[in-house]
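Pasted below: coords-v8.cif, mmCIF, C-alpha atoms.
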data_coords
loop_
_atom_site.label_atom_id
_atom_site.label_comp_id
_atom_site.auth_asym_id
_atom_site.auth_seq_id
_atom_site.Cartn_x
_atom_site.Cartn_y
_atom_site.Cartn_z
CA MET B 1 88.84 113.40 124.77
CA ASN B 2 91.83 115.23 126.24
CA ARG B 3 92.93 118.77 126.93
CA LEU B 4 95.89 120.40 125.23
CA THR B 5 97.25 123.42 127.11
CA THR B 6 98.70 126.03 124.77
CA PRO B 7 100.14 129.50 125.41
CA TRP B 8 96.82 130.90 124.15
CA GLY B 9 94.51 128.72 126.22
CA ASP B 10 93.25 125.15 126.48
CA ALA B 11 91.76 123.08 123.68
CA GLU B 12 89.55 120.04 124.18
CA LEU B 13 90.51 117.48 121.55
CA ALA B 14 89.53 114.00 120.41
CA ARG B 15 90.45 111.66 117.61
CA PHE B 16 87.91 110.73 114.97
CA PRO B 17 85.79 108.73 115.21
CA GLU B 18 85.60 109.51 118.90
CA ASP B 19 85.80 106.42 121.09
CA PRO B 20 85.88 106.81 124.90
CA ARG B 21 87.67 103.45 125.12
CA ASP B 22 90.54 104.65 122.96
CA PRO B 23 93.52 105.55 125.20
CA LEU B 24 95.40 107.37 122.41
CA ARG B 25 95.46 111.17 122.59
CA ALA B 26 94.63 113.54 119.75
CA TRP B 27 97.91 115.40 120.24
CA ASP B 28 101.43 114.69 121.45
CA ALA B 29 104.59 116.40 122.66
CA ALA B 30 105.56 117.41 119.11
CA ASP B 31 102.35 119.45 118.69
CA GLU B 32 102.83 121.00 122.13
CA TYR B 33 106.48 121.88 121.43
CA LEU B 34 105.65 123.60 118.14
CA LEU B 35 102.85 125.73 119.58
CA ARG B 36 104.99 126.78 122.53
CA HIS B 37 107.83 127.72 120.16
CA LEU B 38 105.52 129.94 118.08
CA ALA B 39 104.42 131.79 121.21
CA GLU B 40 107.91 132.13 122.70
CA GLU B 41 109.31 133.51 119.44
CA SER B 42 106.31 135.82 118.99
CA THR B 43 105.98 134.46 115.47
CA ASP B 44 103.95 136.74 113.24
CA LEU B 45 100.83 134.73 112.42
CA SER B 46 98.95 137.53 110.69
CA GLY B 47 99.79 136.27 107.18
CA THR B 48 98.90 133.00 105.51
CA VAL B 49 99.67 130.12 107.86
CA ALA B 50 99.70 126.66 106.25
CA VAL B 51 99.64 123.57 108.46
CA VAL B 52 100.64 120.33 106.72
CA GLY B 53 99.98 116.88 108.17
CA ASP B 54 98.07 118.00 111.27
CA ARG B 55 97.10 114.54 112.47
CA TRP B 56 93.92 115.19 114.43
CA GLY B 57 93.55 118.94 114.05
CA ALA B 58 95.36 119.87 117.27
CA LEU B 59 97.57 122.48 115.60
CA VAL B 60 94.99 124.16 113.41
CA THR B 61 92.32 124.12 116.14
CA SER B 62 94.70 125.96 118.47
CA LEU B 63 95.68 128.45 115.78
CA ALA B 64 92.09 128.96 114.64
CA GLY B 65 91.10 129.84 118.19
CA LEU B 66 93.88 132.42 118.22
CA HIS B 67 92.87 133.69 114.78
CA ARG B 68 89.44 134.73 116.06
CA GLU B 69 91.15 137.56 117.94
CA ARG B 70 93.22 138.76 114.95
CA THR B 71 92.79 139.92 111.40
CA GLY B 72 94.28 138.29 108.34
CA PRO B 73 93.67 135.18 106.26
CA ALA B 74 92.36 132.03 107.90
CA PRO B 75 94.93 129.32 108.63
CA VAL B 76 95.10 126.56 106.03
CA GLN B 77 95.17 122.86 106.84
CA ILE B 78 96.52 120.44 104.23
CA THR B 79 95.96 116.76 104.97
CA ASP B 80 95.90 113.43 103.17
CA SER B 81 93.63 111.89 105.80
CA PHE B 82 89.83 111.99 105.70
CA LEU B 83 89.79 111.02 109.37
CA ALA B 84 92.15 113.88 110.27
CA ARG B 85 89.93 116.29 108.37
CA GLU B 86 86.80 115.08 110.18
CA ALA B 87 88.65 115.21 113.51
CA THR B 88 89.54 118.82 112.76
CA ARG B 89 85.93 119.70 112.01
CA ALA B 90 84.77 118.03 115.22
CA ASN B 91 87.51 119.64 117.32
CA LEU B 92 86.77 123.10 115.92
CA ALA B 93 83.10 122.69 116.86
CA ARG B 94 84.04 121.25 120.25
CA ASN B 95 86.02 124.40 121.01
CA GLY B 96 83.44 126.84 119.71
CA VAL B 97 85.39 127.75 116.56
CA GLU B 98 83.49 128.13 113.31
CA GLU B 99 84.67 125.83 110.54
CA ALA B 100 84.94 128.87 108.26
CA SER B 101 87.81 130.03 110.49
CA VAL B 102 90.00 127.42 108.80
CA ARG B 103 90.57 126.66 105.14
CA LEU B 104 90.49 122.87 104.84
CA LEU B 105 92.44 121.47 101.90
CA THR B 106 93.50 117.96 100.95
CA THR B 107 96.77 116.86 99.41
CA ARG B 108 94.92 116.70 96.07
CA ASP B 109 93.90 120.39 96.21
CA THR B 110 95.91 123.31 94.85
CA PRO B 111 97.97 124.80 97.71
CA PRO B 112 97.94 128.54 98.53
CA ASP B 113 99.82 130.87 96.18
CA ARG B 114 101.70 132.46 99.08
CA VAL B 115 102.63 131.03 102.47
CA ASP B 116 104.07 133.23 105.21
CA VAL B 117 104.31 130.56 107.92
CA LEU B 118 104.63 126.88 107.01
CA LEU B 119 104.15 124.37 109.81
CA VAL B 120 104.87 120.74 108.95
CA ARG B 121 103.97 117.78 111.10
CA VAL B 122 106.50 115.27 109.73
CA PRO B 123 104.56 112.35 108.20
CA ARG B 124 105.49 108.72 108.45
CA SER B 125 105.96 108.65 104.67
CA LEU B 126 109.09 110.41 103.41
CA ALA B 127 107.57 110.33 99.92
CA LEU B 128 104.52 112.30 101.07
CA LEU B 129 106.78 114.89 102.70
CA GLU B 130 108.79 115.16 99.49
CA ASP B 131 105.69 115.64 97.36
CA GLN B 132 104.18 118.26 99.67
CA LEU B 133 107.41 120.27 99.91
CA HIS B 134 107.65 120.21 96.11
CA ARG B 135 104.09 121.51 95.84
CA LEU B 136 104.52 124.21 98.49
CA ALA B 137 108.02 125.45 97.63
CA PRO B 138 106.79 127.93 94.96
CA ALA B 139 104.58 129.59 97.60
CA LEU B 140 107.49 130.27 99.96
CA HIS B 141 109.44 133.51 99.99
CA ALA B 142 112.60 134.69 101.74
CA GLY B 143 110.63 135.79 104.81
CA THR B 144 108.56 132.63 105.21
CA VAL B 145 108.92 130.98 108.61
CA VAL B 146 109.23 127.21 108.12
CA VAL B 147 109.01 124.98 111.19
CA GLY B 148 108.61 121.22 111.19
CA THR B 149 107.85 119.06 114.19
CA GLY B 150 107.82 115.40 115.10
CA MET B 151 108.90 112.91 117.69
CA VAL B 152 112.63 112.17 117.68
CA LYS B 153 112.05 108.69 116.21
CA GLU B 154 110.14 110.26 113.28
CA ILE B 155 112.90 112.68 112.22
CA HIS B 156 115.81 111.16 110.33
CA THR B 157 118.77 112.44 108.36
CA SER B 158 116.75 111.87 105.18
CA THR B 159 114.00 114.12 106.59
CA LEU B 160 116.41 116.98 107.12
CA GLN B 161 117.99 116.44 103.72
CA LEU B 162 114.58 116.87 102.07
CA PHE B 163 114.01 120.21 103.81
CA GLU B 164 117.56 121.27 102.89
CA ARG B 165 117.12 120.31 99.24
CA LEU B 166 113.60 121.66 98.67
CA VAL B 167 113.37 124.61 101.09
CA GLY B 168 116.82 125.77 102.17
CA PRO B 169 119.35 125.67 105.06
CA THR B 170 117.99 123.45 107.81
CA ARG B 171 118.78 122.80 111.46
CA THR B 172 117.07 121.08 114.37
CA SER B 173 116.26 121.96 117.95
CA LEU B 174 117.17 120.17 121.11
CA ALA B 175 114.82 117.35 122.02
CA VAL B 176 112.08 118.08 124.56
CA LYS B 177 109.86 115.24 125.82
CA LYS B 178 111.27 113.14 122.95
CA ALA B 179 110.05 115.71 120.42
CA ARG B 180 112.12 117.88 118.11
CA LEU B 181 111.63 120.90 115.87
CA ILE B 182 113.03 121.50 112.38
CA PHE B 183 113.92 125.04 111.28
CA SER B 184 114.35 125.66 107.57
CA THR B 185 115.18 128.99 105.92
CA PRO B 186 113.73 129.37 102.41
CA ASP B 187 116.34 129.92 99.72
CA PRO B 188 114.67 131.53 96.67
CA SER B 189 117.72 130.68 94.53
CA LEU B 190 117.15 126.94 94.80
CA PRO B 191 116.10 125.39 91.48
CA ARG B 192 112.42 124.48 91.44
CA THR B 193 111.95 120.96 90.16
CA THR B 194 108.73 119.04 89.66
CA SER B 195 107.68 116.32 92.07
CA PRO B 196 108.69 112.79 91.04
CA TRP B 197 105.21 111.61 92.07
CA PRO B 198 103.05 109.87 91.00
CA TYR B 199 105.22 106.83 90.33
CA ARG B 200 104.16 104.28 87.71
CA TYR B 201 105.52 100.79 87.27
CA ALA B 202 104.50 97.53 85.65
CA LEU B 203 103.81 94.63 87.98
CA PRO B 204 106.35 91.83 87.49
CA ASP B 205 105.60 88.90 85.22
CA ASP B 206 105.64 86.56 88.22
CA ALA B 207 102.87 88.52 89.96
CA PRO B 208 99.62 86.57 90.35
CA ALA B 209 97.31 86.53 87.35
CA PRO B 210 95.55 88.50 86.05
CA VAL B 211 97.51 91.57 87.20
CA ALA B 212 100.96 90.41 86.02
CA GLY B 213 102.44 93.03 83.72
CA ARG B 214 99.72 95.58 84.45
CA THR B 215 100.67 99.16 85.27
CA VAL B 216 99.90 100.56 88.71
CA VAL B 217 99.95 104.25 89.65
CA ASN B 218 101.13 105.39 93.06
CA HIS B 219 100.79 108.89 94.44
CA ALA B 220 103.11 109.88 97.26
CA GLY B 221 102.30 108.36 100.64
CA VAL B 222 100.64 105.18 99.37
CA PHE B 223 101.86 102.05 101.15
CA CYS B 224 104.61 100.14 99.34
CA ALA B 225 104.51 102.52 96.37
CA ASP B 226 107.50 101.14 94.48
CA ARG B 227 106.72 97.42 94.50
CA LEU B 228 104.05 94.80 95.11
CA ASP B 229 104.18 94.10 98.84
CA ILE B 230 104.34 90.48 99.94
CA GLY B 231 101.05 90.55 101.83
CA THR B 232 99.13 91.77 98.78
CA ARG B 233 100.97 89.28 96.58
CA PHE B 234 99.82 86.45 98.89
CA PHE B 235 96.25 87.80 98.95
CA LEU B 236 96.12 87.98 95.14
CA ARG B 237 96.84 84.25 94.92
CA HIS B 238 93.77 83.40 97.00
CA LEU B 239 91.05 85.85 95.93
CA PRO B 240 87.51 84.49 95.53
CA ALA B 241 85.50 84.74 92.33
CA ALA B 242 83.27 87.79 92.33
CA GLY B 243 80.52 86.39 90.11
CA PRO B 244 78.49 88.26 87.47
CA GLY B 245 76.90 91.48 88.69
CA ARG B 246 78.16 91.16 92.25
CA ARG B 247 79.15 94.33 94.08
CA VAL B 248 82.73 94.07 95.38
CA VAL B 249 84.57 96.47 97.70
CA ASP B 250 88.34 96.92 97.88
CA LEU B 251 88.38 98.37 101.41
CA GLY B 252 91.57 100.23 102.31
CA CYS B 253 92.35 100.04 98.62
CA GLY B 254 95.77 101.73 98.50
CA ASN B 255 96.78 101.79 94.83
CA GLY B 256 93.81 99.54 93.98
CA VAL B 257 95.68 96.46 92.79
CA VAL B 258 93.36 94.03 94.64
CA GLY B 259 90.23 95.60 93.17
CA LEU B 260 91.94 95.69 89.77
CA ALA B 261 92.52 91.92 89.98
CA MET B 262 88.82 91.36 90.71
CA ALA B 263 87.74 93.59 87.83
CA LEU B 264 90.02 91.78 85.40
CA ALA B 265 88.87 88.33 86.59
CA ASP B 266 85.16 89.24 86.57
CA PRO B 267 84.48 92.12 84.14
CA ASP B 268 80.77 92.08 85.01
CA ALA B 269 81.39 92.78 88.69
CA GLU B 270 80.72 96.23 90.17
CA LEU B 271 83.76 97.60 92.03
CA LEU B 272 84.00 100.11 94.86
CA PHE B 273 87.47 101.31 95.87
CA ALA B 274 87.46 102.89 99.34
CA ASP B 275 90.19 104.42 101.50
CA GLU B 276 90.57 107.24 104.00
CA SER B 277 93.62 108.57 102.11
CA TYR B 278 93.02 111.02 99.29
CA GLN B 279 96.33 109.99 97.72
CA ALA B 280 95.35 106.31 97.84
CA VAL B 281 91.97 106.77 96.17
CA ALA B 282 93.55 108.95 93.47
CA SER B 283 96.10 106.17 92.91
CA ALA B 284 93.42 103.47 92.71
CA GLU B 285 91.39 105.49 90.23
CA GLU B 286 94.38 106.11 87.96
CA THR B 287 95.49 102.47 88.25
CA TYR B 288 92.01 101.35 87.25
CA ARG B 289 91.74 103.80 84.37
CA GLU B 290 95.12 102.72 83.03
CA SER B 291 94.93 98.94 83.54
CA GLY B 292 91.33 97.99 84.21
CA PRO B 293 88.91 96.37 81.75
CA GLY B 294 86.79 98.73 79.75
CA GLY B 295 83.13 98.88 80.65
CA THR B 296 83.41 97.59 84.22
CA LYS B 297 81.48 99.70 86.71
CA ALA B 298 83.77 101.26 89.29
CA GLU B 299 83.32 103.87 92.02
CA PHE B 300 85.96 105.57 94.17
CA LEU B 301 85.26 106.71 97.71
CA VAL B 302 87.34 108.72 100.20
CA GLY B 303 85.76 108.28 103.62
CA ASP B 304 85.59 106.63 107.00
CA GLY B 305 85.69 103.03 105.86
CA LEU B 306 82.23 102.03 104.65
CA ALA B 307 80.34 104.37 106.95
CA ASP B 308 78.65 106.06 103.98
CA VAL B 309 77.82 102.82 102.14
CA PRO B 310 74.20 101.66 102.59
CA ALA B 311 73.60 98.60 104.75
CA ASP B 312 73.00 95.27 103.01
CA SER B 313 74.27 96.64 99.68
CA VAL B 314 77.46 94.73 98.80
CA ASP B 315 78.31 91.09 98.20
CA LEU B 316 82.04 90.87 98.86
CA VAL B 317 84.54 92.97 100.80
CA LEU B 318 88.30 92.50 100.39
CA ASN B 319 90.53 94.03 103.05
CA ASN B 320 94.21 94.30 103.94
CA PRO B 321 93.83 96.45 107.06
CA PRO B 322 96.60 98.68 108.47
CA PHE B 323 97.76 97.94 111.98
CA HIS B 324 99.42 101.28 112.69
CA SER B 325 97.88 104.63 113.56
CA HIS B 326 100.88 106.86 112.90
CA GLN B 327 103.48 105.45 115.32
CA ALA B 328 101.04 103.48 117.49
CA THR B 329 100.38 99.79 116.84
CA THR B 330 96.65 99.15 117.20
CA ASP B 331 93.87 96.94 115.82
CA ARG B 332 91.31 99.74 116.20
CA THR B 333 91.26 100.53 112.48
CA ALA B 334 90.88 96.86 111.56
CA ARG B 335 88.02 96.36 114.01
CA ARG B 336 86.22 99.39 112.61
CA MET B 337 86.72 98.15 109.04
CA PHE B 338 85.37 94.70 109.94
CA THR B 339 82.33 96.22 111.66
CA HIS B 340 81.62 98.47 108.68
CA ALA B 341 81.97 95.51 106.33
CA ARG B 342 79.44 93.43 108.26
CA ARG B 343 76.88 96.24 108.14
CA ALA B 344 77.42 96.87 104.40
CA LEU B 345 77.29 93.20 103.37
CA ARG B 346 74.10 91.55 102.27
CA PRO B 347 73.08 88.37 104.14
CA GLY B 348 75.36 85.66 102.82
CA GLY B 349 77.98 88.20 101.77
CA GLU B 350 81.60 87.65 102.76
CA LEU B 351 84.55 89.60 104.09
CA TRP B 352 87.97 88.32 103.02
CA VAL B 353 90.95 89.59 105.00
CA VAL B 354 94.69 89.18 104.67
CA GLY B 355 96.96 89.98 107.60
CA ASN B 356 100.06 89.05 109.49
CA ARG B 357 99.42 85.77 111.28
CA HIS B 358 100.42 87.14 114.69
CA LEU B 359 97.72 89.85 114.67
CA GLY B 360 95.00 87.33 115.53
CA TYR B 361 92.31 88.78 113.27
CA HIS B 362 90.44 85.45 113.40
CA LEU B 363 89.44 86.21 117.00
CA THR B 364 88.16 89.68 116.11
CA LEU B 365 86.21 88.35 113.12
CA ARG B 366 84.55 85.66 115.23
CA ARG B 367 83.41 88.31 117.72
CA ILE B 368 81.96 90.51 114.98
CA PHE B 369 80.61 87.93 112.50
CA GLY B 370 80.19 84.89 114.73
CA ASN B 371 82.31 82.83 112.32
CA CYS B 372 85.68 82.80 110.59
CA GLN B 373 87.46 80.32 108.31
CA VAL B 374 91.09 80.12 107.28
CA VAL B 375 91.31 80.20 103.47
CA ALA B 376 95.09 80.04 103.15
CA GLY B 377 98.16 80.51 105.29
CA SER B 378 101.91 80.88 105.18
CA PRO B 379 104.46 81.26 107.96
CA LYS B 380 103.86 85.04 107.85
CA PHE B 381 100.36 85.68 106.43
CA VAL B 382 96.87 84.28 106.66
CA VAL B 383 93.78 84.83 104.49
CA LEU B 384 90.53 84.70 106.45
CA ARG B 385 86.86 84.56 105.41
CA ALA B 386 83.85 85.62 107.47
CA ALA B 387 80.25 85.45 106.27
CA LYS B 388 77.28 87.59 107.27
CA ARG B 389 74.52 85.29 108.45
#

If you took the structure in this file and wrote it as structure tokens, what would it be?
Amino acid sequence: MNRLTTPWGDAELARFPEDPRDPLRAWDAADEYLLRHLAEESTDLSGTVAVVGDRWGALVTSLAGLHRERTGPAPVQITDSFLAREATRANLARNGVEEASVRLLTTRDTPPDRVDVLLVRVPRSLALLEDQLHRLAPALHAGTVVVGTGMVKEIHTSTLQLFERLVGPTRTSLAVKKARLIFSTPDPSLPRTTSPWPYRYALPDDAPAPVAGRTVVNHAGVFCADRLDIGTRFFLRHLPAAGPGRRVVDLGCGNGVVGLAMALADPDAELLFADESYQAVASAEETYRESGPGGTKAEFLVGDGLADVPADSVDLVLNNPPFHSHQATTDRTARRMFTHARRALRPGGELWVVGNRHLGYHLTLRRIFGNCQVVAGSPKFVVLRAAKR
């Protein structure tokens, strides 16, 4: 937990799930810079304030605390991350703010009809930013205050060009503590075009069977949305057989191509596609509906890994874990996924993992499962198997 000092008071914040061993803060200089700017400019926050991409709820928790002393609509948070949404809920409670003080929306929900102040925490994915600006542009008016924020390394020329094209004239601030602000003035005369997302494409003929030629659907923000990434391609060549009636989980499913391959190879298997990204699970569901075998049982879960899956209830977990948390490189997410998998697996069940060789997942798996075998390897990737005993 850590304390963010704002012009309106202090906020005690933590990431979700809270881990006292985690040295990463729930806010950074970009959040701090934006909040200070709003106070220094005496920005009118009495109208509808929409906060997009608030990573751990630092922005909306601070604004919700301020909102208690004012009238007007509750601030709106729009996020693609289940973990960010749960962090926001926990941080609101931690600071004595009722959850009803904030309107919590996901990237799959309909945005507000009118936005008077739009605050954008620049996401890592330019595609997700593009999609969200497309969706929010109709709600902006000539008087809307639009401010983006991010660390200097997160804001590129392409970022500014998106604001310029979809919102209006755009400029940036000076850098402070390696953070920068983006100021965009809405131009009502700009033509309103539809978002190019979701993006559909057919997997190449040289993709591993049985997914070659199958169509995948990618909503904005999904990893490697325009092609089959090389790690997944390697994993697809070495997948195990599910077996009739076995319950299989595609954990961190992205667009669902790994789970799709299992469903096509074993139509009698039961599939669960799980991810903490609302965009990813929507992509997996549409990919499955478009390219999956008819009659196969499939479920789709947005959540904290397999935290909501009953213990000893699945036979096989397939996982290509992320090793970034926004800009930080960390194995925390992978460790949590592996731990969840072990709890959810039945005795004798297996976790299969693909990852970059240098990440050393074999050591983590041995600590959690007590065993780990190398299934396949290349100079860059390795496929590992751990069994619950």

| query | Exactly which residues make up the result of the PyMOL selection byres ((chain B and resi 71-76) around 8) on this file, given as a list of chain:residue names? | reply |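 Written out, the selection comes to B:Ser46, B:Gly47, B:Thr48, B:Val49, B:Ala50, B:Val51, B:Val60, B:Leu63, B:Ala64, B:His67, B:Arg68, B:Glu69, B:Arg70, B:Gln77, B:Ile78, B:Ser101, B:Val102, B:Arg103, B:Leu104, B:Leu105.
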
| field | Output of the PyMOL selection byres ((chain B and resi 294) around 12), listed as a PyMOL selection string | value | chain B and resi 260+263-264+266-268+288-293+295-298

| From the set B:Gly65, B:Ala30, B:Pro138, B:Asp113, which residue has the shortest atom-to-atom contact distance to Val152 (chain B), counting all atoms listed in the file? | B:Ala30

| task | List, as a list in words, every residue that the PyMOL selection byres ((chain B and resi 141) around 10) selects in the file provided. | result |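 So the PyMOL selection byres ((chain B and resi 141) around 10), applied here, picks out Arg114, Val115, Asp116, Val117, Ala137, Pro138, Ala139, Leu140, Ala142, Gly143, Thr144, Val145, Val167, Thr185, Pro186, Asp187 and Pro188 of chain B.
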
| note | Using all atoms listed in the file, the residue out of B:Ala202, B:Val258, B:Leu251, B:Ala280 with shortest distance to Asp80 (chain B) is B:Ala280

| field | Shell around Glu12 (chain B) at 10 Å using only C-alpha atoms, local window under 2 positions removed, as a list of chain:residue names | value |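 The contact residues come out as B:Met1, B:Asn2, B:Arg3, B:Leu4, B:Thr5, B:Asp10, B:Ala14, B:Ala26, B:Ala58, B:Thr61, B:Ser62, B:Asn91, B:Leu92, B:Arg94, B:Asn95.
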
| field | Interatomic distance (Å, one decimal) between CA of Leu271 (chain B) and CA of Pro244 (chain B) | value | 11.7 Å

| Which of these residues is nearest to Phe369 (chain B), using only C-alpha atoms: B:Leu345, B:Ala269, B:Leu318, B:Leu190? | B:Leu345

| remark: Correct to one decimal, the distance CA of Leu128 (chain B)-CA of Ser277 (chain B) is 11.6 Å

| query | Expressed in Å to a single decimal, how great is the separation between CA of Asp22 (chain B) and CA of Ala341 (chain B)? | reply |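 One can read the CA of Asp22 (chain B) to CA of Ala341 (chain B) distance as 20.8 Å.
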
| For Arg108 (chain B), which of B:Asp206, B:His156, B:Val375, B:Val302 is the closest residue, counting only C-alpha atoms? |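 Answer, going by the shortest atom-to-atom distance: B:Val302.
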
| Nearby residues (only C-alpha atoms) at most 8 Å from Val122 (chain B), same-chain spacing under 5 positions excluded, as a list in words | Gly53, Leu129, Gly148, Thr149, Gly150, Glu154 and Ile155 of chain B

Would you export the selected residues with C-alpha atoms as a PDB file, in the coordinates of the input, please?
ATOM      1  CA  GLY B  53      99.980 116.880 108.170  1.00  0.00           C
ATOM      2  CA  LEU B 129     106.780 114.890 102.700  1.00  0.00           C
ATOM      3  CA  GLY B 148     108.610 121.220 111.190  1.00  0.00           C
ATOM      4  CA  THR B 149     107.850 119.060 114.190  1.00  0.00           C
ATOM      5  CA  GLY B 150     107.820 115.400 115.100  1.00  0.00           C
ATOM      6  CA  GLU B 154     110.140 110.260 113.280  1.00  0.00           C
ATOM      7  CA  ILE B 155     112.900 112.680 112.220  1.00  0.00           C
TER       8      ILE B 155
END

| message | Restricting the calculation to all atoms listed in the file: of B:Leu181, B:Val257, B:Ala11, B:Trp197, which residue gets closest to Gly213 (chain B)? | response |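 Going through B:Leu181, B:Val257, B:Ala11, B:Trp197 one by one, the smallest distance to Gly213 (chain B) is for B:Val257.
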
| message | I'd like the neighbourhood of region 347-358 of chain B as a PyMOL selection string, where a residue qualifies if any of its atoms comes within 8 Å (using all atoms listed in the file), though same-chain residues fewer than 2 positions away should be ignored. | response | chain B and resi 231-232+235+312+314-321+338+341-342+345+360-361+379-389

| Which of these, B:Gln132, B:Thr333, B:Thr157, B:Thr106, has the shortest distance to Phe16 (chain B) once you count all atoms listed in the file? |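 Once distances to Phe16 (chain B) are computed over all atoms listed in the file, the minimum belongs to B:Thr333.
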
| request: List the neighbours of Ala307 (chain B) out to 9 Å using all atoms listed in the file; skip same-chain residues closer than 2 positions along the sequence, and give me the result as a PyMOL selection string. | output: chain B and resi 303-305+309-310+340+343-344

| task | Write out as a list of chain:residue names which residues come within 12 Å of Ser42 (chain B) when counting all atoms listed in the file, dropping same-chain ones fewer than 5 positions away. | result |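 The residues that qualify are B:Pro7, B:Trp8, B:Leu35, B:Arg36, B:His37, B:Val145.
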
Missing atoms in region 286-300 of chain B: can you complete it with N, CA and C atoms, as a tab-separated table (two decimals), keeping the file's coordinate frame?
chain	number	residue	atom	x	y	z
B	286	GLU	N	93.49	106.05	89.13
B	286	GLU	CA	94.38	106.11	87.96
B	286	GLU	C	94.87	104.71	87.57
B	287	THR	N	95.11	103.85	88.55
B	287	THR	CA	95.49	102.47	88.25
B	287	THR	C	94.38	101.79	87.46
B	288	TYR	N	93.15	101.98	87.92
B	288	TYR	CA	92.01	101.35	87.25
B	288	TYR	C	91.82	101.89	85.84
B	289	ARG	N	91.93	103.20	85.69
B	289	ARG	CA	91.74	103.80	84.37
B	289	ARG	C	92.82	103.33	83.39
B	290	GLU	N	94.02	103.10	83.90
B	290	GLU	CA	95.12	102.72	83.03
B	290	GLU	C	95.15	101.22	82.73
B	291	SER	N	94.75	100.39	83.69
B	291	SER	CA	94.93	98.94	83.54
B	291	SER	C	93.67	98.12	83.64
B	292	GLY	N	92.56	98.74	84.02
B	292	GLY	CA	91.33	97.99	84.21
B	292	GLY	C	90.63	97.66	82.91
B	293	PRO	N	89.68	96.74	82.96
B	293	PRO	CA	88.91	96.37	81.75
B	293	PRO	C	87.92	97.46	81.42
B	294	GLY	N	87.77	97.74	80.17
B	294	GLY	CA	86.79	98.73	79.75
B	294	GLY	C	85.38	98.27	80.03
B	295	GLY	N	84.54	99.20	80.46
B	295	GLY	CA	83.13	98.88	80.65
B	295	GLY	C	82.76	98.41	82.05
B	296	THR	N	83.72	98.01	82.86
B	296	THR	CA	83.41	97.59	84.22
B	296	THR	C	82.96	98.80	85.05
B	297	LYS	N	81.94	98.62	85.85
B	297	LYS	CA	81.48	99.70	86.71
B	297	LYS	C	82.40	99.83	87.92
B	298	ALA	N	82.87	101.04	88.16
B	298	ALA	CA	83.77	101.26	89.29
B	298	ALA	C	83.48	102.61	89.93
B	299	GLU	N	83.49	102.64	91.26
B	299	GLU	CA	83.32	103.87	92.02
B	299	GLU	C	84.52	104.03	92.94
B	300	PHE	N	84.78	105.27	93.36
B	300	PHE	CA	85.96	105.57	94.17
B	300	PHE	C	85.52	106.48	95.31
